[in-house]
Structure formats: C-alpha cells, structure tokens
$ cat input_26.txt   # compact mmCIF, C-alpha atoms and all ligand atoms
# COMPACT_ATOMS: atom_id res chain seq x y z
CA MET A 8 -17.86 -14.93 18.02
CA HIS A 9 -19.95 -12.72 15.77
CA TYR A 10 -18.38 -10.23 13.43
CA GLU A 11 -20.22 -8.24 10.81
CA GLY A 12 -18.57 -6.78 7.70
CA LYS A 13 -14.87 -6.07 7.31
CA ILE A 14 -13.18 -5.87 10.70
CA TYR A 15 -10.27 -3.51 11.35
CA ARG A 16 -7.99 -3.33 14.33
CA PRO A 17 -4.77 -1.34 14.81
CA TRP A 18 -1.65 -3.37 14.09
CA PRO A 19 -0.38 -3.10 17.71
CA GLU A 20 -3.52 -5.09 18.65
CA ALA A 21 -2.59 -8.15 16.59
CA GLU A 22 -2.68 -10.40 19.67
CA SER A 23 -5.86 -9.00 21.17
CA LEU A 24 -9.26 -10.56 21.48
CA LEU A 25 -11.67 -8.60 19.28
CA ILE A 26 -15.20 -7.92 20.50
CA GLN A 27 -17.51 -6.15 18.10
CA THR A 28 -19.45 -3.47 19.90
CA THR A 29 -20.49 -1.10 17.14
CA LEU A 30 -20.76 -1.31 13.39
CA GLY A 31 -19.20 1.42 11.31
CA CYS A 32 -18.17 4.94 12.24
CA THR A 33 -20.42 7.80 13.37
CA HIS A 34 -18.69 10.22 10.98
CA ASN A 35 -17.85 8.11 7.91
CA LYS A 36 -17.00 11.12 5.74
CA CYS A 37 -13.21 11.47 5.74
CA THR A 38 -12.15 11.77 2.10
CA PHE A 39 -9.28 9.26 2.37
CA CYS A 40 -11.10 6.52 4.30
CA ASN A 41 -13.17 3.61 3.06
CA MET A 42 -13.00 1.48 6.19
CA PHE A 43 -16.69 1.54 7.01
CA ARG A 44 -18.30 2.71 3.79
CA ASP A 45 -20.29 -0.53 3.62
CA LYS A 46 -21.86 0.01 7.05
CA ARG A 47 -24.30 2.42 8.65
CA PHE A 48 -23.34 3.19 12.21
CA ARG A 49 -25.15 0.88 14.59
CA ILE A 50 -24.69 -0.27 18.17
CA ARG A 51 -24.88 -3.99 18.78
CA GLU A 52 -27.40 -5.32 21.27
CA LEU A 53 -25.89 -5.58 24.73
CA GLU A 54 -27.02 -9.21 25.01
CA ASP A 55 -25.17 -10.08 21.79
CA ILE A 56 -21.99 -8.42 23.07
CA TYR A 57 -22.33 -10.30 26.38
CA GLN A 58 -22.72 -13.55 24.45
CA ASP A 59 -19.42 -12.98 22.65
CA ILE A 60 -17.68 -12.22 25.94
CA GLU A 61 -19.15 -15.42 27.43
CA GLU A 62 -17.95 -17.38 24.40
CA ALA A 63 -14.43 -15.99 24.87
CA LYS A 64 -14.61 -16.97 28.54
CA SER A 65 -15.63 -20.53 27.63
CA THR A 66 -12.37 -21.01 25.70
CA ASN A 67 -10.38 -20.69 28.97
CA VAL A 68 -7.72 -18.75 27.08
CA PRO A 69 -6.10 -16.26 29.49
CA PHE A 70 -6.61 -13.23 27.20
CA LYS A 71 -4.29 -10.39 28.17
CA SER A 72 -5.68 -7.69 25.93
CA LEU A 73 -8.95 -6.94 24.24
CA PHE A 74 -9.91 -4.49 21.51
CA LEU A 75 -13.44 -3.23 21.01
CA VAL A 76 -14.34 -2.84 17.32
CA ASP A 77 -15.64 -1.06 15.06
CA GLY A 78 -15.13 2.67 14.58
CA ASN A 79 -15.25 5.20 17.42
CA VAL A 80 -16.65 2.98 20.17
CA LEU A 81 -16.10 5.84 22.63
CA ALA A 82 -19.10 7.56 21.02
CA LEU A 83 -21.31 5.10 22.94
CA LYS A 84 -23.20 6.35 25.96
CA THR A 85 -21.01 6.05 29.03
CA ALA A 86 -23.50 3.88 30.94
CA PHE A 87 -23.62 1.38 28.05
CA LEU A 88 -19.86 1.23 27.71
CA LEU A 89 -19.47 0.79 31.47
CA LYS A 90 -21.71 -2.30 31.33
CA ILE A 91 -19.51 -3.82 28.63
CA LEU A 92 -16.31 -3.05 30.55
CA GLN A 93 -17.76 -4.49 33.76
CA LYS A 94 -18.79 -7.67 31.95
CA ILE A 95 -15.28 -8.02 30.50
CA ARG A 96 -13.73 -7.50 33.93
CA SER A 97 -15.90 -10.13 35.59
CA SER A 98 -15.69 -12.70 32.77
CA LEU A 99 -12.10 -12.25 31.59
CA PRO A 100 -10.09 -11.29 34.71
CA THR A 101 -6.70 -11.85 33.04
CA CYS A 102 -7.42 -9.09 30.54
CA ARG A 103 -5.40 -6.12 31.78
CA LYS A 104 -5.59 -3.97 28.67
CA ILE A 105 -8.84 -2.88 27.04
CA SER A 106 -8.70 -0.47 24.14
CA LEU A 107 -10.88 0.94 21.38
CA TYR A 108 -11.03 3.41 18.51
CA ALA A 109 -12.05 6.91 19.56
CA GLY A 110 -12.29 10.28 17.92
CA LEU A 111 -10.68 13.14 19.84
CA ASN A 112 -14.13 14.73 19.66
CA ASP A 113 -15.55 11.68 21.47
CA PHE A 114 -13.20 12.50 24.38
CA ARG A 115 -14.29 16.11 24.20
CA ARG A 116 -17.97 15.22 24.40
CA LYS A 117 -17.56 13.27 27.64
CA SER A 118 -16.92 14.84 31.02
CA VAL A 119 -13.65 14.08 32.78
CA GLU A 120 -15.72 12.31 35.47
CA GLU A 121 -17.24 9.99 32.85
CA LEU A 122 -13.82 9.27 31.39
CA LYS A 123 -12.45 8.54 34.86
CA GLU A 124 -15.31 6.09 35.43
CA LEU A 125 -14.45 4.35 32.17
CA ARG A 126 -10.80 4.20 33.20
CA ALA A 127 -11.72 2.76 36.59
CA ALA A 128 -13.85 0.12 34.83
CA GLY A 129 -10.86 -1.03 32.79
CA LEU A 130 -10.55 1.15 29.70
CA THR A 131 -6.80 1.64 29.41
CA MET A 132 -6.18 2.97 25.93
CA ALA A 133 -7.67 4.59 22.84
CA TYR A 134 -6.50 4.75 19.23
CA THR A 135 -7.33 8.02 17.58
CA GLY A 136 -6.66 9.51 14.15
CA LEU A 137 -5.39 13.07 14.01
CA GLU A 138 -4.29 12.79 10.35
CA SER A 139 -2.84 16.33 10.30
CA GLY A 140 -2.31 19.35 12.51
CA ASP A 141 -2.89 21.74 9.62
CA PRO A 142 -6.42 23.23 9.84
CA ALA A 143 -6.62 23.66 6.05
CA ILE A 144 -5.86 19.98 5.50
CA LEU A 145 -8.26 18.87 8.24
CA GLU A 146 -10.97 20.79 6.47
CA ALA A 147 -10.02 19.49 3.02
CA ILE A 148 -10.14 15.87 4.19
CA LYS A 149 -13.47 16.47 6.02
CA LYS A 150 -12.12 15.21 9.32
CA ARG A 151 -14.53 17.40 11.31
CA LEU A 152 -11.82 18.17 13.85
CA THR A 153 -9.87 21.33 14.59
CA PRO A 154 -6.44 21.54 16.28
CA ASP A 155 -8.06 23.18 19.33
CA GLN A 156 -10.56 20.34 19.60
CA ALA A 157 -7.73 17.82 19.32
CA ILE A 158 -5.88 19.54 22.18
CA GLU A 159 -9.02 19.61 24.34
CA GLY A 160 -9.84 15.93 23.70
CA MET A 161 -6.28 14.85 24.46
CA ALA A 162 -6.14 16.90 27.67
CA LYS A 163 -9.31 15.21 28.93
CA ALA A 164 -7.93 11.74 28.16
CA LYS A 165 -4.74 12.59 30.06
CA THR A 166 -6.63 13.89 33.08
CA ALA A 167 -8.66 10.68 33.14
CA GLY A 168 -5.54 8.50 32.82
CA ILE A 169 -6.53 6.90 29.50
CA ALA A 170 -3.46 6.48 27.28
CA VAL A 171 -3.87 7.62 23.68
CA LEU A 172 -2.15 6.49 20.52
CA VAL A 173 -2.36 9.29 17.96
CA SER A 174 -1.96 8.29 14.33
CA PHE A 175 -1.44 10.70 11.49
CA ILE A 176 -0.82 10.40 7.76
CA LEU A 177 2.48 11.22 6.09
CA GLY A 178 1.67 12.75 2.70
CA ILE A 179 -1.94 13.73 3.47
CA GLY A 180 -1.19 17.33 2.44
CA GLY A 181 -0.14 16.11 -0.98
CA LYS A 182 2.76 17.56 -2.90
CA ALA A 183 1.59 21.14 -2.38
CA ARG A 184 1.16 21.22 1.42
CA SER A 185 3.81 18.77 2.55
CA LYS A 186 5.78 21.37 4.54
CA GLU A 187 2.74 22.99 6.17
CA HIS A 188 1.34 19.57 7.02
CA ILE A 189 4.36 18.32 8.88
CA ALA A 190 5.23 21.65 10.54
CA GLN A 191 1.69 22.08 11.92
CA THR A 192 1.33 18.42 12.85
CA THR A 193 4.61 18.37 14.76
CA LYS A 194 3.67 21.61 16.53
CA LEU A 195 0.33 20.16 17.57
CA LEU A 196 1.84 16.86 18.72
CA ASN A 197 4.30 18.79 20.89
CA ILE A 198 1.29 20.31 22.65
CA MET A 199 -0.77 17.09 22.79
CA LYS A 200 2.11 14.87 23.95
CA PRO A 201 0.43 11.53 23.15
CA GLU A 202 1.63 8.43 24.99
CA GLU A 203 2.01 6.66 21.65
CA LEU A 204 2.42 7.96 18.12
CA ALA A 205 1.90 6.27 14.76
CA PRO A 206 2.79 7.99 11.48
CA MET A 207 1.45 6.12 8.45
CA ALA A 208 2.22 6.79 4.80
CA LEU A 209 -0.83 7.78 2.77
CA THR A 210 -2.60 5.03 0.88
CA ILE A 211 -5.13 5.99 -1.76
CA GLN A 212 -8.07 3.75 -0.95
CA PRO A 213 -10.24 2.74 -3.90
CA GLY A 214 -13.70 4.28 -4.02
CA THR A 215 -12.86 7.25 -1.80
CA GLU A 216 -13.29 10.93 -2.55
CA LEU A 217 -9.52 11.26 -2.35
CA ALA A 218 -9.09 8.58 -5.04
CA GLN A 219 -11.37 10.66 -7.29
CA GLN A 220 -9.32 13.77 -6.53
CA VAL A 221 -6.15 11.91 -7.49
CA GLU A 222 -7.76 10.78 -10.73
CA SER A 223 -8.99 14.26 -11.62
CA GLY A 224 -5.65 15.83 -10.75
CA ALA A 225 -7.15 17.91 -7.90
CA PHE A 226 -4.84 16.13 -5.43
CA ILE A 227 -1.23 15.50 -6.42
CA GLN A 228 0.39 12.94 -4.16
CA ALA A 229 3.53 13.77 -2.21
CA THR A 230 6.63 12.09 -3.59
CA PRO A 231 8.34 9.33 -1.59
CA LEU A 232 11.16 11.81 -0.94
CA GLN A 233 8.69 14.30 0.54
CA ILE A 234 7.24 11.55 2.73
CA LEU A 235 10.72 10.75 4.03
CA GLU A 236 11.41 14.47 4.56
CA GLU A 237 8.18 14.75 6.53
CA GLU A 238 9.19 11.93 8.86
CA LYS A 239 12.66 13.44 9.19
CA TYR A 240 11.19 16.84 10.18
CA LEU A 241 8.93 15.13 12.69
CA LEU A 242 11.77 13.23 14.34
CA GLU A 243 14.00 16.30 14.42
CA ASN A 244 11.36 18.53 15.96
CA LEU A 245 9.35 16.42 18.39
CA GLN A 246 10.30 17.64 21.82
CA GLY A 247 9.50 17.73 25.48
CA PHE A 248 7.74 14.39 25.91
CA GLU A 249 8.30 10.65 25.85
CA THR A 250 6.29 8.49 23.51
CA LEU A 251 6.19 5.02 22.01
CA TYR A 252 6.79 5.46 18.28
CA TRP A 253 5.03 3.05 15.92
CA GLY A 254 6.67 4.06 12.67
CA ASP A 255 6.48 0.50 11.39
CA HIS A 256 3.17 0.52 9.55
CA GLY A 257 3.35 -1.74 6.49
CA ASN A 258 3.14 1.20 4.06
CA ASN A 259 5.95 3.25 5.60
CA ILE A 260 9.20 3.47 3.65
CA VAL A 261 11.38 3.12 6.73
CA SER A 262 10.27 0.89 9.57
CA SER A 263 11.00 2.18 13.08
CA ARG A 264 9.52 1.19 16.39
CA GLY A 265 10.71 2.19 19.83
CA ARG A 266 10.68 4.85 22.48
CA LEU A 267 11.32 8.51 21.83
CA PRO A 268 13.41 10.43 22.54
CA THR A 269 15.70 7.46 23.36
CA SER A 270 15.69 6.10 19.80
CA GLN A 271 15.40 9.46 18.02
CA LYS A 272 18.97 9.52 16.67
CA GLN A 273 18.80 5.91 15.51
CA PHE A 274 15.51 6.48 13.65
CA LEU A 275 16.87 9.66 12.07
CA ARG A 276 19.95 7.78 10.84
CA LYS A 277 17.65 5.30 9.08
CA ILE A 278 15.59 8.08 7.48
CA ASN A 279 18.69 9.97 6.34
CA GLN A 280 20.13 6.80 4.87
CA ALA A 281 16.88 6.15 2.98
CA ILE A 282 16.88 9.74 1.68
CA THR A 283 20.31 9.24 0.15
CA THR A 284 20.27 5.61 -0.95
CA HIS A 285 16.74 4.12 -1.09
CA PRO A 286 15.63 3.41 -4.70
CA VAL A 287 12.07 4.52 -3.81
CA ILE A 288 13.12 8.18 -3.84
CA ARG A 289 13.46 8.00 -7.64
CA GLN A 290 9.73 7.23 -7.93
CA GLU A 291 7.04 9.89 -8.37
CA ILE A 292 4.57 8.24 -6.01
CA LEU A 293 4.82 5.70 -3.25
CA HIS A 294 3.22 2.36 -4.05
CA THR A 295 1.29 1.24 -0.99
CA ASN A 296 -1.10 -1.53 -0.02
CA GLU A 297 -4.77 -1.13 0.81
CA TRP A 298 -5.56 -1.13 4.54
S1 LIG A 301 -10.93 8.08 9.28
FE1 LIG A 301 -11.95 7.46 11.17
S2 LIG A 301 -13.43 9.11 11.54
FE2 LIG A 301 -12.85 9.28 9.39
S3 LIG A 301 -14.37 8.08 8.27
FE3 LIG A 301 -12.65 6.72 8.68
S4 LIG A 301 -13.16 5.67 10.57
FE4 LIG A 301 -14.52 7.46 10.42
$ encode --input "input_26.txt" --output "structure tokens"
Amino acid sequence: MHYEGKIYRPWPEAESLLIQTTLGCTHNKCTFCNMFRDKRFRIRELEDIYQDIEEAKSTNVPFKSLFLVDGNVLALKTAFLLKILQKIRSSLPTCRKISLYAGLNDFRRKSVEELKELRAAGLTMAYTGLESGDPAILEAIKKRLTPDQAIEGMAKAKTAGIAVLVSFILGIGGKARSKEHIAQTTKLLNIMKPEELAPMALTIQPGTELAQQVESGAFIQATPLQILEEEKYLLENLQGFETLYWGDHGNNIVSSRGRLPTSQKQFLRKINQAITTHPVIRQEILHTNEW
C-alpha cells in the first residue's frame, strides 16, 4: 500500500482499510488546521489507486469497511470517483461501508443525480467538518462555508441517501463567543439533522494561524468550564432527530458515545457531574493533544 505524507482518518474508522485517493485538501486555509499544510492538493493516478486496491484484495482479508483518504475526496470529479468505487466493489465484495472526507460545499457542487450515482456505486458515508454554526466564527476561522451552504449540502446528501457525520469544535469561538457559538451551532444542527455528530474540544495545532492568534492574545481560549457548558447546552437543546453521538474524541473532557435522544439524559448527567466535580474546571485552558 502506498501512503504519502501524514495520513489522517476519523477515529470511528480505526478498523477500516485506508486507500489514498488524494493528497491534501482543496481548501487548506482553515486557521485552526494543520492537517495537510505539508501537501499541495493532488489527485493520485487512477492506476496507482487500482494497484492499492488489488494489493488489498491479494491479502484475502474480508475487509468490511474502507476509508478514502486524504482531505475532501468528494471534490473529485464524479466519473473518477465512480471508477474507484466500482473497482472497490468488484475487488473487495465484503466491503459494505465506504466513506470519505467531504466538505459540505463538495455536496453542494454536485447534483443530486451525481450523488445518487455515487451512493449506488457504494459510497455510504461522509465525514464533514462544520466547526461552528455561527457565521462570524466561520468567517474568522476562514472555513469558506456559510450556514445556508451547510444546510444545502446536507439536504443534498440526505436526498441521495449518503449518511453524514458532522463534526464541530467545542471552544472554537474562544472565551468571547462561547455562547453565540454553541447557540448557533445547535440551531443549525437541528435544521441539518445529521445521522452522526461528533463534537471535539479545540486543540491549538502548532504552526497554525490560530496558534499565532493565541500567542498574540488576539484569540483567548475558552475555559474548560465553558467547553463543558457548551456541550451541556448542545445536549439540552438538540431536538427533533435521532443521531449517533461521538462525544468520545480523545481531547474531550467527558467521553460519551451512543444514540441520541436515547442517551441524552445519561450524557447530561456526566457533563453536570464534571461541571461540579472535575478538577479540570479549575484550569484556565484545556490541555489537549495534537491531532
Ligand atoms: S479543516 Fe478541513 S477544510 Fe479546513 S483546511 Fe483542514 S482539512 Fe481543509
């Protein structure tokens, strides 16, 4: 198998076969992200991707799930992506779940017919970063996404039958916009109704614009208590849809995973307990690990 540069995959894909399809991210400008700073966006040669799929086939491992790396693979031309999906289907027939990273704008830029074709060829799920529902924060972090665009992208994915995990960042509004961040994010999620949801506590990644803003004092990080309050607000105010909640990212203060709304009360109990008893709430900032 051939992998170039640092390879990332979402933590729910820990068991998946990874096939590198692109290098880097088409946007690569979000102020908090250093995932692909060492790479210029490039699409791998189809023959090279086929070779990796053939190599996986030769192992005779009955792979159940497969994740296409790197960043927003859905930005690829539909015809190209269809060839990859068809090759996976014919070579690895046990693989029932195929997923990738996608921007909500990537969904928006494809027609519903194209997305349905991709679904029919085996694409079951996409991981997408919303980060915040607050337009001011989205602009500040240079996400190049508006709430309306997020709604449109999500609606297209739903119509096509492609499940979407939406991740967002607890604390991305900093100390000053913590309340606006979580209120607007929760409101947007209640409209988008993602099939899966992953809140992740903010990590200041070295070398990023956000790290410079922290150093200069232009961005004051939310306190651990604010981060817990944000998650509490989210859990109290999500409504009207079922989702699989991945609140167990390694940097989160409280670890919760399960279905909502079924586990809502249980998760809230854990958050409330952390707010009253967890020693982390006495700290000014949350100490997290690099991605
Ligand atoms: S957060 Fe996503 S879209 Fe933004 S630069 Fe990083 S990989 Fe690209």
$ closest_residue --input "input_26.txt" --among "A:Pro142, A:Gly247, A:Pro201, A:Gly181" --to "Leu217 of chain A" --atoms "only C-alpha atoms"
A:Gly181
$ residues_near_ligand --input "input_26.txt" --ligand "ligand LIG 301 (chain A)" --cutoff "6 Å" --atoms "only C-alpha atoms and all ligand atoms" --output "compact mmCIF listing (two decimals) with C-alpha atoms, in the frame of the given file"
# COMPACT_ATOMS: atom_id res chain seq x y z
CA CYS A 32 -18.17 4.94 12.24
CA HIS A 34 -18.69 10.22 10.98
CA ASN A 35 -17.85 8.11 7.91
CA LYS A 36 -17.00 11.12 5.74
CA CYS A 37 -13.21 11.47 5.74
CA CYS A 40 -11.10 6.52 4.30
CA MET A 42 -13.00 1.48 6.19
CA GLY A 78 -15.13 2.67 14.58
CA LYS A 150 -12.12 15.21 9.32
$ residues_near_point --input "input_26.txt" --point "(0.2, 18.3, 18.2)" --cutoff "10 Å" --atoms "only C-alpha atoms" --output "PyMOL selection string"
chain A and resi 137+139-141+154-155+157-158+161+173+190-201+245
$ closest_residue --input "input_26.txt" --among "A:Glu124, A:Glu202, A:Asp113, A:Glu22" --to "Glu159 of chain A" --atoms "all atoms listed in the file"
A:Asp113
$ atom_distance --input "input_26.txt" --atom1 "atom CA of Ile50 of chain A" --atom2 "atom CA of Thr33 of chain A"
10.3 Å
$ atom_distance --input "input_26.txt" --atom1 "atom CA of Leu204 of chain A" --atom2 "atom CA of Tyr134 of chain A"
9.5 Å
$ closest_residue --input "input_26.txt" --among "A:Trp18, A:Phe74, A:Phe274, A:Tyr108" --to "Ile91 of chain A" --atoms "only C-alpha atoms"
A:Phe74
$ residues_near_point --input "input_26.txt" --point "(-25.7, -2.1, 18.0)" --cutoff "8 Å" --atoms "only C-alpha atoms" --output "list in words"
Thr28, Thr29, Leu30, Arg49, Ile50, Arg51, Glu52 and Leu53 of chain A
$ closest_residue --input "input_26.txt" --among "A:Ala183, A:Ser23, A:Glu291, A:Glu237" --to "Asn279 of chain A" --atoms "all atoms listed in the file"
A:Glu237
$ atom_distance --input "input_26.txt" --atom1 "atom CA of Ala218 of chain A" --atom2 "atom CA of Gly12 of chain A"
22.1 Å
$ closest_atom_pairs --input "input_26.txt" --of "segment 100-185 of chain A" --to "segment 250-265 of chain A" --cutoff "10 Å" --atoms "only C-alpha atoms" --output "Markdown table"
| residue | atom | partner | partner_atom | distance |
| --- | --- | --- | --- | --- |
| A:Leu172 | CA | A:Leu251 | CA | 8.6 |
| A:Val173 | CA | A:Trp253 | CA | 9.9 |
| A:Ser174 | CA | A:Trp253 | CA | 8.9 |
| A:Leu177 | CA | A:Asn259 | CA | 8.7 |
$ closest_residue --input "input_26.txt" --among "A:Ala225, A:Leu145, A:Ile105, A:Leu235" --to "Ala208 of chain A" --atoms "all atoms listed in the file"
A:Leu235
$ closest_residue --input "input_26.txt" --among "A:Glu203, A:Lys163, A:Gly224, A:Leu241" --to "His188 of chain A" --atoms "all atoms listed in the file"
A:Leu241
$ residues_around --input "input_26.txt" --residues "Gly129 of chain A" --least-positions-apart "4" --cutoff "8 Å" --atoms "all atoms listed in the file" --output "list in words"
Leu92, Gln93, Arg96, Arg103, Lys104, Ile105 and Leu125 of chain A
$ residues_around --input "input_26.txt" --residues "Ala281 of chain A" --least-positions-apart "2" --cutoff "12 Å" --atoms "all atoms listed in the file" --output "number ranges by chain"
A: 231-236, 238-239, 259-262, 274-279, 283-289
$ residues_around --input "input_26.txt" --residues "Leu89 of chain A" --least-positions-apart "5" --cutoff "10 Å" --atoms "all atoms listed in the file" --output "PyMOL selection string"
chain A and resi 83-84+94-95+121+124-130
$ build_atoms --input "input_26.txt" --residues "segment 171-198 of chain A" --atoms "N, CA and C atoms" --output "CSV table (one decimal), keeping the file's coordinate frame"
chain,number,residue,atom,x,y,z
A,171,VAL,N,-3.4,7.4,25.0
A,171,VAL,CA,-3.9,7.6,23.7
A,171,VAL,C,-2.7,7.4,22.7
A,172,LEU,N,-3.0,6.6,21.7
A,172,LEU,CA,-2.2,6.5,20.5
A,172,LEU,C,-2.7,7.4,19.5
A,173,VAL,N,-1.9,8.4,19.0
A,173,VAL,CA,-2.4,9.3,18.0
A,173,VAL,C,-1.7,8.8,16.7
A,174,SER,N,-2.5,8.6,15.6
A,174,SER,CA,-2.0,8.3,14.3
A,174,SER,C,-2.1,9.5,13.4
A,175,PHE,N,-1.2,9.7,12.5
A,175,PHE,CA,-1.4,10.7,11.5
A,175,PHE,C,-0.8,10.2,10.2
A,176,ILE,N,-1.1,10.9,9.1
A,176,ILE,CA,-0.8,10.4,7.8
A,176,ILE,C,0.3,11.2,7.1
A,177,LEU,N,1.4,10.6,6.9
A,177,LEU,CA,2.5,11.2,6.1
A,177,LEU,C,2.0,11.4,4.7
A,178,GLY,N,2.1,12.5,4.1
A,178,GLY,CA,1.7,12.8,2.7
A,178,GLY,C,0.2,13.2,2.5
A,179,ILE,N,-0.5,13.4,3.6
A,179,ILE,CA,-1.9,13.7,3.5
A,179,ILE,C,-2.1,15.2,3.0
A,180,GLY,N,-1.1,16.0,3.0
A,180,GLY,CA,-1.2,17.3,2.4
A,180,GLY,C,-0.9,17.4,1.0
A,181,GLY,N,-0.5,16.2,0.4
A,181,GLY,CA,-0.1,16.1,-1.0
A,181,GLY,C,1.2,16.8,-1.2
A,182,LYS,N,1.5,17.0,-2.5
A,182,LYS,CA,2.8,17.6,-2.9
A,182,LYS,C,2.8,19.0,-2.5
A,183,ALA,N,1.6,19.7,-2.6
A,183,ALA,CA,1.6,21.1,-2.4
A,183,ALA,C,1.7,21.6,-0.9
A,184,ARG,N,1.2,20.8,0.0
A,184,ARG,CA,1.2,21.2,1.4
A,184,ARG,C,2.0,20.3,2.3
A,185,SER,N,3.0,19.7,1.8
A,185,SER,CA,3.8,18.8,2.6
A,185,SER,C,4.5,19.5,3.7
A,186,LYS,N,5.0,20.7,3.5
A,186,LYS,CA,5.8,21.4,4.5
A,186,LYS,C,4.8,21.9,5.6
A,187,GLU,N,3.7,22.5,5.2
A,187,GLU,CA,2.7,23.0,6.2
A,187,GLU,C,2.2,21.8,7.0
A,188,HIS,N,1.9,20.7,6.3
A,188,HIS,CA,1.3,19.6,7.0
A,188,HIS,C,2.3,19.1,8.2
A,189,ILE,N,3.5,18.9,7.8
A,189,ILE,CA,4.4,18.3,8.9
A,189,ILE,C,4.7,19.4,10.0
A,190,ALA,N,4.9,20.6,9.5
A,190,ALA,CA,5.2,21.6,10.5
A,190,ALA,C,4.1,21.8,11.5
A,191,GLN,N,2.9,21.9,11.0
A,191,GLN,CA,1.7,22.1,11.9
A,191,GLN,C,1.4,20.8,12.7
A,192,THR,N,1.6,19.7,12.1
A,192,THR,CA,1.3,18.4,12.8
A,192,THR,C,2.3,18.3,14.0
A,193,THR,N,3.6,18.5,13.7
A,193,THR,CA,4.6,18.4,14.8
A,193,THR,C,4.3,19.4,15.9
A,194,LYS,N,4.0,20.6,15.5
A,194,LYS,CA,3.7,21.6,16.5
A,194,LYS,C,2.5,21.2,17.4
A,195,LEU,N,1.5,20.6,16.8
A,195,LEU,CA,0.3,20.2,17.6
A,195,LEU,C,0.7,19.0,18.5
A,196,LEU,N,1.5,18.0,17.9
A,196,LEU,CA,1.8,16.9,18.7
A,196,LEU,C,2.7,17.3,19.9
A,197,ASN,N,3.5,18.3,19.8
A,197,ASN,CA,4.3,18.8,20.9
A,197,ASN,C,3.4,19.4,22.0
A,198,ILE,N,2.2,19.8,21.6
A,198,ILE,CA,1.3,20.3,22.6
A,198,ILE,C,0.5,19.1,23.2
